[in-house]
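Structure record follows, encoded as structure tokens.
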Amino acid sequence: MKTFYSHTEPFAAQWRRILQRGSSQERAQIETATKTILDRVRKGGDKSLLNLSREFDGVELDASFLRVSATSIRTALETMDSEWVRCLKFAANKIRSFQRHILPSPPPDWTHGGTRVRYIPSPIQRLGVYVPGGSASYPSSVLANVLPAQIAGVPQIALVSPPGPNGLPAPSVLAACALLGVEEVYPLGGAQAIGALAYGTESIQPVDFIVGPGNAYVTAAKRSVVGLVGIDALAGPTEIAVIADESASPEWIAADLLSQAEHDPLAAAVLLTPSESLAQNTAQALERQLESLPRKEIARESLESHGALIVTQDLEECIEKCQELAPEHLELVVQDPSKWTPLLTHAGAIFVGPWTPEVAGDYVAGPSHVLPTDRTARFTSGLASPLFLRWKAIVEYDRTDLQQETPILAHLARSEGLEGHARAAEIRFESDEKP
């Protein structure tokens with residue numbers, strides 16, 4: 001993992017590479033391949049899904065029944081270790097409690113003379129959830145995506161997750177579905193899964209909204225179907241930034257950086273610190289801890305390709321650089337963190353103090369761990385129960401109020417050249433005709 005010094009001349013170019021994370025050429029190639037996959041799903045339906053699963057996942061799915069059976073979902077939970085089930089229930093209850101806590105209530109009716117307006121929410125009706133698979137299984141992602149939607153009242157949830165060699169999603173993913181009562185599950189991964197949710201097939205009813213993180217092809221597919229369906233965000237590989245001063249433990253910081261680097265070779269892990277000794281000691285701790293990490297090859301590639309230990313001139317510069325980075329996860333491990341937290345507006349989630357490792361947010365803290373990546377925290381937020389609500393205004397006038405306001409709205413309508421708009425109000429007062 002490289003160490004950079006912000007006050008040196010080469011740093012500007014080094015910083016640009018850290019911000020970019022991947023070439024535009026690579027992204028263009030992924031976009032092209034993804035559009036081909038989506039077109040196959042849109043035109044070929046179930047048959048294309050079977051062929052794509054054979055090509056990309058190496059599995060033969062059941063042509064007569066793509067949906068995972070209720071028995072398979074129930075059995076997965078029944079065969080899980082009891083301690084694992086207890087821990088997952090604990091996490092689910094805590095997430096459920098937090099998501100209920102932040103769910104907004106409708107405001108009181110607003111009145112203005114004879115005008116009454118209600119502003120009320122209704123949940124999205126049919127949701128598609130993507131849970132990644134591959135080199136690891138993520139039952140925590142089932143909780144993070146499904147629970148906020150359930151708290152918001154979403155009545156239909158269809159979940160997709162890549163199949164293993166037996167043609168089913170990971171047992172832990174199915175067990176989490178059973179625990180939450182998710183009954184509609186399909187063994188599908190990659191861009192083809194997003195296409196199935198967006199377009200629908202003979203076996204899969206299309207959804208209104210798609211959530212969940214995935215690889216670059218999943219992200220590209222979500223980008224392609226925006227407008228046909230809604231999406232949560234364009235989530236890329238995970239990332240963590242740590243702002244720390246000399247009070248931080250190098251061993252703890254190294255462990256936190258590795259917690260995200262072990263996800264994916266494309267994951268990013270960055271330390272920002274004014275302390276050169278902390279950076280040096282963290283580099284040494286990373287090497288020691290890597291040796292015993294089961295996923296050390298993945299983590300090492302991540303650190304070498306997308307990791308950085310950045311020594312700044314002061315904490316103010318750490319804040320400035322972090323605002324540019326806009327990381328998915330940000331740890332603030334400094335003395336007097338309350339002084340700096342209000343200045344950090346660009347981050348998916350902030351974990352404050354030495355006793356708040358980012359992994360708490362992955363599993364049990366309460367907020368969803370589905371967060372904006374690739375600098376999108378500058379303009380979007382993490383997944384939460386309010387996202388699944390659509391708000392609509394219900395407007396009601398009485399006769400007196402409309403009569404008083406008709407000259408105003410008619411004047412405004414005619415100023416825009418919309419005579420029909422003006423007449424639609426005036427006609428109600430040109431005769432004694434009543435509704």
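Letters A, B, ... go to the chains of the structure tokens in the order shown; residues in each chain start at 1; ligands are counted from 1 in the same order.
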request  = Report as an NGL selection string: the residues of segment 98-315 of chain A with a DSSP assignment of strand (DSSP E or B), based on the backbone of this structure.
outcome  = :A and (110-112 or 115-123 or 126-130 or 156-160 or 184-186 or 209-211 or 226 or 229-231 or 239-244 or 268-273 or 307-311)
request  = Write out as an MDAnalysis selection string each polymer residue whose atoms come within 9 Å of segment 142-153 of chain A, counting only C-alpha atoms; drop sequence neighbours fewer than 3 positions from it.
outcome  = chainID A and resid 88 91:92 95:96 99:100 103 122:125 127 129:131 138:139 157 159 173 176:177 180 182 211:212 362:363 366:370 383:389
Selection to disk with N, CA and C atoms, as a compact mmCIF listing (two decimals), in the first residue's frame:
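Saved result, selection.txt, follows:
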# COMPACT_ATOMS: atom_id res chain seq x y z
N LEU A 88 -28.44 -13.14 13.60
CA LEU A 88 -29.15 -12.48 12.50
C LEU A 88 -30.45 -11.84 13.00
N ALA A 91 -29.56 -8.56 14.70
CA ALA A 91 -29.29 -7.52 13.72
C ALA A 91 -30.59 -7.04 13.07
N ALA A 92 -31.46 -7.97 12.71
CA ALA A 92 -32.72 -7.61 12.06
C ALA A 92 -33.58 -6.73 12.97
N ILE A 95 -32.01 -3.17 13.11
CA ILE A 95 -32.24 -2.44 11.86
C ILE A 95 -33.70 -2.06 11.73
N ARG A 96 -34.59 -2.99 12.04
CA ARG A 96 -36.03 -2.72 11.96
C ARG A 96 -36.42 -1.56 12.86
N GLN A 99 -35.10 1.77 11.31
CA GLN A 99 -35.83 2.16 10.10
C GLN A 99 -37.24 2.64 10.44
N ARG A 100 -37.84 2.07 11.47
CA ARG A 100 -39.14 2.55 11.92
C ARG A 100 -39.01 3.94 12.54
N LEU A 103 -38.88 6.66 9.79
CA LEU A 103 -39.97 6.72 8.81
C LEU A 103 -40.82 7.96 9.07
N SER A 122 -47.45 6.93 0.06
CA SER A 122 -47.86 5.55 -0.19
C SER A 122 -46.62 4.79 -0.64
N PRO A 123 -46.49 3.54 -0.23
CA PRO A 123 -45.26 2.81 -0.55
C PRO A 123 -45.21 2.37 -2.00
N ILE A 124 -44.00 2.19 -2.50
CA ILE A 124 -43.81 1.51 -3.77
C ILE A 124 -44.50 0.16 -3.69
N GLN A 125 -45.14 -0.26 -4.78
CA GLN A 125 -45.95 -1.47 -4.72
C GLN A 125 -45.17 -2.76 -4.97
N LEU A 127 -41.17 -4.26 -5.44
CA LEU A 127 -39.75 -3.96 -5.33
C LEU A 127 -38.91 -5.16 -5.76
N VAL A 129 -35.05 -6.68 -5.34
CA VAL A 129 -33.86 -6.58 -4.49
C VAL A 129 -32.76 -7.45 -5.07
N TYR A 130 -31.60 -6.86 -5.30
CA TYR A 130 -30.44 -7.63 -5.76
C TYR A 130 -29.51 -7.85 -4.58
N VAL A 131 -29.21 -9.12 -4.30
CA VAL A 131 -28.25 -9.48 -3.25
C VAL A 131 -27.06 -10.14 -3.92
N TYR A 138 -23.93 -12.90 1.28
CA TYR A 138 -24.24 -11.69 2.04
C TYR A 138 -25.67 -11.69 2.58
N PRO A 139 -25.96 -12.51 3.59
CA PRO A 139 -27.28 -12.41 4.21
C PRO A 139 -27.52 -11.05 4.84
N ILE A 157 -42.16 -8.01 -2.68
CA ILE A 157 -40.71 -7.95 -2.79
C ILE A 157 -40.22 -9.20 -3.51
N LEU A 159 -36.75 -11.01 -4.80
CA LEU A 159 -35.32 -10.96 -4.53
C LEU A 159 -34.57 -11.87 -5.50
N VAL A 173 -28.28 -16.73 2.42
CA VAL A 173 -29.17 -15.74 1.82
C VAL A 173 -30.61 -16.23 1.87
N ALA A 176 -31.92 -15.98 5.41
CA ALA A 176 -32.30 -14.62 5.75
C ALA A 176 -33.65 -14.26 5.13
N CYS A 177 -33.88 -14.73 3.92
CA CYS A 177 -35.19 -14.51 3.28
C CYS A 177 -36.29 -15.15 4.10
N LEU A 180 -37.14 -13.14 7.20
CA LEU A 180 -37.88 -11.90 6.95
C LEU A 180 -39.21 -12.13 6.23
N VAL A 182 -39.57 -13.26 3.10
CA VAL A 182 -39.48 -13.03 1.65
C VAL A 182 -39.68 -14.36 0.94
N VAL A 211 -33.32 -2.17 -5.96
CA VAL A 211 -32.29 -1.75 -5.00
C VAL A 211 -31.26 -2.86 -4.86
N GLY A 212 -30.13 -2.48 -4.30
CA GLY A 212 -29.11 -3.46 -3.96
C GLY A 212 -27.81 -3.26 -4.70
N ASP A 362 -21.97 -2.35 8.92
CA ASP A 362 -22.27 -3.44 7.98
C ASP A 362 -23.32 -4.40 8.53
N TYR A 363 -23.39 -4.52 9.86
CA TYR A 363 -24.21 -5.58 10.42
C TYR A 363 -25.28 -5.15 11.42
N GLY A 366 -27.83 -0.28 12.69
CA GLY A 366 -29.21 0.17 12.48
C GLY A 366 -29.45 0.71 11.09
N PRO A 367 -28.69 1.71 10.63
CA PRO A 367 -28.86 2.18 9.25
C PRO A 367 -28.48 1.09 8.25
N SER A 368 -29.06 1.15 7.06
CA SER A 368 -28.72 0.19 6.01
C SER A 368 -27.27 0.36 5.60
N HIS A 369 -26.62 -0.74 5.25
CA HIS A 369 -25.24 -0.63 4.77
C HIS A 369 -25.18 -0.40 3.26
N VAL A 370 -26.31 -0.25 2.61
CA VAL A 370 -26.33 0.08 1.18
C VAL A 370 -26.19 1.60 1.07
N LEU A 383 -29.55 3.85 1.49
CA LEU A 383 -30.88 3.25 1.48
C LEU A 383 -31.53 3.41 2.85
N ALA A 384 -32.80 3.80 2.87
CA ALA A 384 -33.52 4.00 4.13
C ALA A 384 -35.01 3.91 3.85
N SER A 385 -35.78 3.64 4.90
CA SER A 385 -37.22 3.44 4.73
C SER A 385 -37.93 4.58 4.00
N PRO A 386 -37.58 5.87 4.20
CA PRO A 386 -38.28 6.93 3.46
C PRO A 386 -38.14 6.82 1.95
N LEU A 387 -37.07 6.17 1.47
CA LEU A 387 -36.87 6.05 0.02
C LEU A 387 -38.00 5.30 -0.65
N PHE A 388 -38.66 4.42 0.07
CA PHE A 388 -39.68 3.57 -0.52
C PHE A 388 -41.08 4.19 -0.49
N LEU A 389 -41.15 5.43 -0.06
CA LEU A 389 -42.43 6.14 -0.04
C LEU A 389 -42.51 7.12 -1.20
inquiry  = List as a list in words the protein and nucleic acid residues near Val270 of chain A, meaning an atom at most 7 Å away when only C-alpha atoms are counted, but skip any in the same chain fewer than 2 places from it.
reply    =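 That gives Ile240, Ala241, Val242, Ala268, Leu272, Gly307, Ala308 and Leu309 of chain A.
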request  = Please measure the separation of atom CA of Leu258 of chain A and atom CA of His329 of chain A, giving the value in Å to one decimal.
outcome  =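 Value for the atom CA of Leu258 of chain A-atom CA of His329 of chain A distance: 13.0 Å.
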query = With only C-alpha atoms as the atoms that count, which of A:Leu303, A:Val59, A:Leu278, A:Ala244 lies nearest to Glu331 of chain A?
reply =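 The closest residue to Glu331 of chain A is A:Ala244.
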key: Those in segment 161-403 of chain A with helix (DSSP H, G or I) from DSSP, as an NGL selection string   = :A and (171-180 or 190-199 or 216-225 or 250-261 or 276-291 or 296-306 or 315-325 or 337-339 or 341-343 or 358-363 or 376-378 or 385-388 or 399-403)
For Leu330 of chain A: contacts at 12 Å, only C-alpha atoms, fewer than 3 positions along chain excluded, given as an MDAnalysis selection string = chainID A and resid 238:244 253 256:257 260 268:272 318:319 322:323 325:327 333 341 344:353 356:359 361 371:373 377
How would the residues just picked look written out with N, CA and C atoms as a short mmCIF file (atom, residue, chain, number, x, y, z; two decimals), in the first residue's frame?
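Once written, part-v5.cif looks like this:
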data_model
loop_
_atom_site.label_atom_id
_atom_site.label_comp_id
_atom_site.auth_asym_id
_atom_site.auth_seq_id
_atom_site.Cartn_x
_atom_site.Cartn_y
_atom_site.Cartn_z
N THR A 238 -17.01 -1.39 -2.93
CA THR A 238 -17.04 -0.73 -1.63
C THR A 238 -15.79 0.12 -1.40
N GLU A 239 -15.88 1.05 -0.48
CA GLU A 239 -14.77 1.95 -0.19
C GLU A 239 -14.85 2.44 1.26
N ILE A 240 -13.67 2.70 1.82
CA ILE A 240 -13.58 3.25 3.16
C ILE A 240 -12.49 4.30 3.20
N ALA A 241 -12.76 5.39 3.89
CA ALA A 241 -11.75 6.40 4.19
C ALA A 241 -11.68 6.56 5.70
N VAL A 242 -10.50 6.73 6.20
CA VAL A 242 -10.30 6.94 7.63
C VAL A 242 -9.53 8.24 7.82
N ILE A 243 -10.09 9.15 8.60
CA ILE A 243 -9.37 10.34 9.03
C ILE A 243 -8.92 10.08 10.47
N ALA A 244 -7.62 10.13 10.69
CA ALA A 244 -7.10 9.79 12.02
C ALA A 244 -5.92 10.70 12.37
N ILE A 253 -6.67 0.81 12.93
CA ILE A 253 -6.88 1.44 11.62
C ILE A 253 -6.60 0.44 10.50
N ASP A 256 -9.45 -1.94 10.14
CA ASP A 256 -10.62 -1.32 9.51
C ASP A 256 -10.43 -1.18 8.01
N LEU A 257 -9.23 -0.83 7.56
CA LEU A 257 -8.97 -0.73 6.13
C LEU A 257 -9.11 -2.10 5.46
N GLN A 260 -12.69 -3.66 4.49
CA GLN A 260 -13.33 -3.36 3.20
C GLN A 260 -12.49 -3.87 2.03
N ALA A 268 -11.72 0.21 -2.39
CA ALA A 268 -10.76 1.27 -2.09
C ALA A 268 -10.68 1.48 -0.59
N ALA A 269 -9.45 1.64 -0.08
CA ALA A 269 -9.23 1.90 1.34
C ALA A 269 -8.18 3.01 1.45
N VAL A 270 -8.54 4.11 2.11
CA VAL A 270 -7.68 5.29 2.15
C VAL A 270 -7.58 5.79 3.59
N LEU A 271 -6.36 6.06 4.03
CA LEU A 271 -6.12 6.72 5.31
C LEU A 271 -5.66 8.14 5.04
N LEU A 272 -6.29 9.11 5.69
CA LEU A 272 -5.89 10.52 5.64
C LEU A 272 -5.44 10.92 7.04
N CYS A 318 -7.10 17.11 5.77
CA CYS A 318 -7.78 15.80 5.75
C CYS A 318 -9.26 15.98 5.43
N ILE A 319 -9.88 16.94 6.09
CA ILE A 319 -11.30 17.20 5.86
C ILE A 319 -11.53 17.62 4.41
N CYS A 322 -11.14 14.66 2.08
CA CYS A 322 -12.23 13.71 2.26
C CYS A 322 -13.52 14.22 1.62
N GLN A 323 -13.74 15.51 1.66
CA GLN A 323 -14.92 16.09 1.00
C GLN A 323 -14.85 15.84 -0.51
N LEU A 325 -13.23 13.30 -1.88
CA LEU A 325 -13.34 11.85 -2.04
C LEU A 325 -14.78 11.37 -1.89
N ALA A 326 -15.55 12.01 -1.02
CA ALA A 326 -16.96 11.65 -0.78
C ALA A 326 -17.12 10.14 -0.60
N PRO A 327 -16.49 9.55 0.41
CA PRO A 327 -16.46 8.09 0.51
C PRO A 327 -17.78 7.48 0.96
N VAL A 333 -11.42 9.19 13.50
CA VAL A 333 -10.75 8.71 14.72
C VAL A 333 -9.74 9.78 15.14
N THR A 341 -16.93 16.78 12.79
CA THR A 341 -18.07 16.08 12.17
C THR A 341 -18.98 17.00 11.37
N LEU A 344 -18.02 17.52 7.66
CA LEU A 344 -17.98 16.37 6.76
C LEU A 344 -19.38 16.11 6.20
N THR A 345 -19.70 16.77 5.11
CA THR A 345 -21.04 16.68 4.52
C THR A 345 -21.11 15.65 3.40
N HIS A 346 -19.98 15.18 2.89
CA HIS A 346 -19.96 14.27 1.75
C HIS A 346 -19.46 12.89 2.17
N ALA A 347 -20.37 12.08 2.69
CA ALA A 347 -20.04 10.70 3.05
C ALA A 347 -21.34 9.92 3.17
N GLY A 348 -21.29 8.63 2.81
CA GLY A 348 -22.49 7.81 2.93
C GLY A 348 -22.88 7.58 4.37
N ALA A 349 -21.88 7.29 5.22
CA ALA A 349 -22.10 7.12 6.66
C ALA A 349 -20.79 7.44 7.35
N ILE A 350 -20.89 8.05 8.53
CA ILE A 350 -19.71 8.45 9.29
C ILE A 350 -19.70 7.68 10.61
N PHE A 351 -18.56 7.10 10.92
CA PHE A 351 -18.39 6.31 12.13
C PHE A 351 -17.40 7.04 13.03
N VAL A 352 -17.88 7.48 14.18
CA VAL A 352 -17.15 8.44 15.00
C VAL A 352 -16.49 7.76 16.20
N GLY A 353 -15.18 7.98 16.34
CA GLY A 353 -14.46 7.52 17.52
C GLY A 353 -13.86 6.14 17.37
N THR A 356 -16.08 2.78 17.23
CA THR A 356 -17.13 2.65 16.22
C THR A 356 -16.51 2.19 14.90
N PRO A 357 -16.12 0.94 14.80
CA PRO A 357 -15.58 0.45 13.53
C PRO A 357 -16.66 0.41 12.45
N GLU A 358 -16.26 0.58 11.23
CA GLU A 358 -17.22 0.58 10.12
C GLU A 358 -18.02 -0.71 10.06
N VAL A 359 -17.42 -1.83 10.49
CA VAL A 359 -18.13 -3.11 10.40
C VAL A 359 -19.40 -3.13 11.25
N GLY A 361 -21.53 -0.82 11.16
CA GLY A 361 -22.53 -0.37 10.20
C GLY A 361 -22.90 -1.45 9.20
N LEU A 371 -24.99 2.03 0.65
CA LEU A 371 -24.61 3.44 0.71
C LEU A 371 -24.04 3.89 -0.63
N PRO A 372 -24.04 5.19 -0.88
CA PRO A 372 -23.51 5.70 -2.16
C PRO A 372 -22.00 5.52 -2.26
N THR A 373 -21.53 5.09 -3.42
CA THR A 373 -20.11 4.87 -3.67
C THR A 373 -19.66 5.75 -4.85
N ALA A 377 -21.82 10.19 -2.96
CA ALA A 377 -22.31 10.74 -1.68
C ALA A 377 -22.37 12.26 -1.71
#
message = Env of segment 417-426 of chain A: 12 Å cut, atoms = only C-alpha atoms, seq-sep filter 2 positions within chain, self excluded. Answer as a list of chain:residue names.
response =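 Answer for this query is A:Tyr397, A:Arg399, A:Asp401, A:Leu402, A:Gln403, A:Gln404, A:Glu405, A:Thr406, A:Pro407, A:Ile408, A:Leu409, A:Ala410, A:His411, A:Leu412, A:Ala413, A:Arg414, A:Ser415, A:Arg428, A:Phe429, A:Glu430, A:Ser431.
Using only C-alpha atoms, the protein and nucleic acid residues lying no more than 12 Å from Gly44 of chain A, apart from those fewer than 3 places from it along its own chain, are A:Thr36, A:Ile37, A:Leu38, A:Asp39, A:Arg40, A:Val41, A:Lys47, A:Ser48, A:Leu49, A:Leu50, A:Asn51, A:Leu52, A:Gln192, A:Gly195, A:Ala196, A:Tyr199, A:Gly200, A:Thr201, A:Glu202.
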request  = Tell me, as JSON, numbers by chain, which residues lie within 7 Å of segment 116-121 of chain A, counting only C-alpha atoms; anything in the same chain fewer than 5 positions away does not count.
outcome  = {"A": [106, 107, 109, 110, 111, 389, 390, 391, 392, 393, 394, 395, 396, 397]}
query = Which is closer to Arg16 of chain A than all the others in A:His306, A:Thr75, A:Ala193, A:Ala248, using only C-alpha atoms?
reply =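 Checking each of A:His306, A:Thr75, A:Ala193, A:Ala248 against Arg16 of chain A, counting only C-alpha atoms, the winner is A:His306.
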ask   = With only C-alpha atoms as the atoms that count, which of A:Gln29, A:Thr8, A:Thr219, A:Thr34 lies nearest to Ile310 of chain A?
value = A:Thr8
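Shortest separation to Pro250 of chain A among A:Arg27, A:Arg54, A:Arg288, A:His263 occurs at residue A:Arg288, atoms counted being only C-alpha atoms.
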query = Between atom CA of Phe379 of chain A and atom CA of Glu262 of chain A, what is the spacing in Å?
reply = 27.1 Å
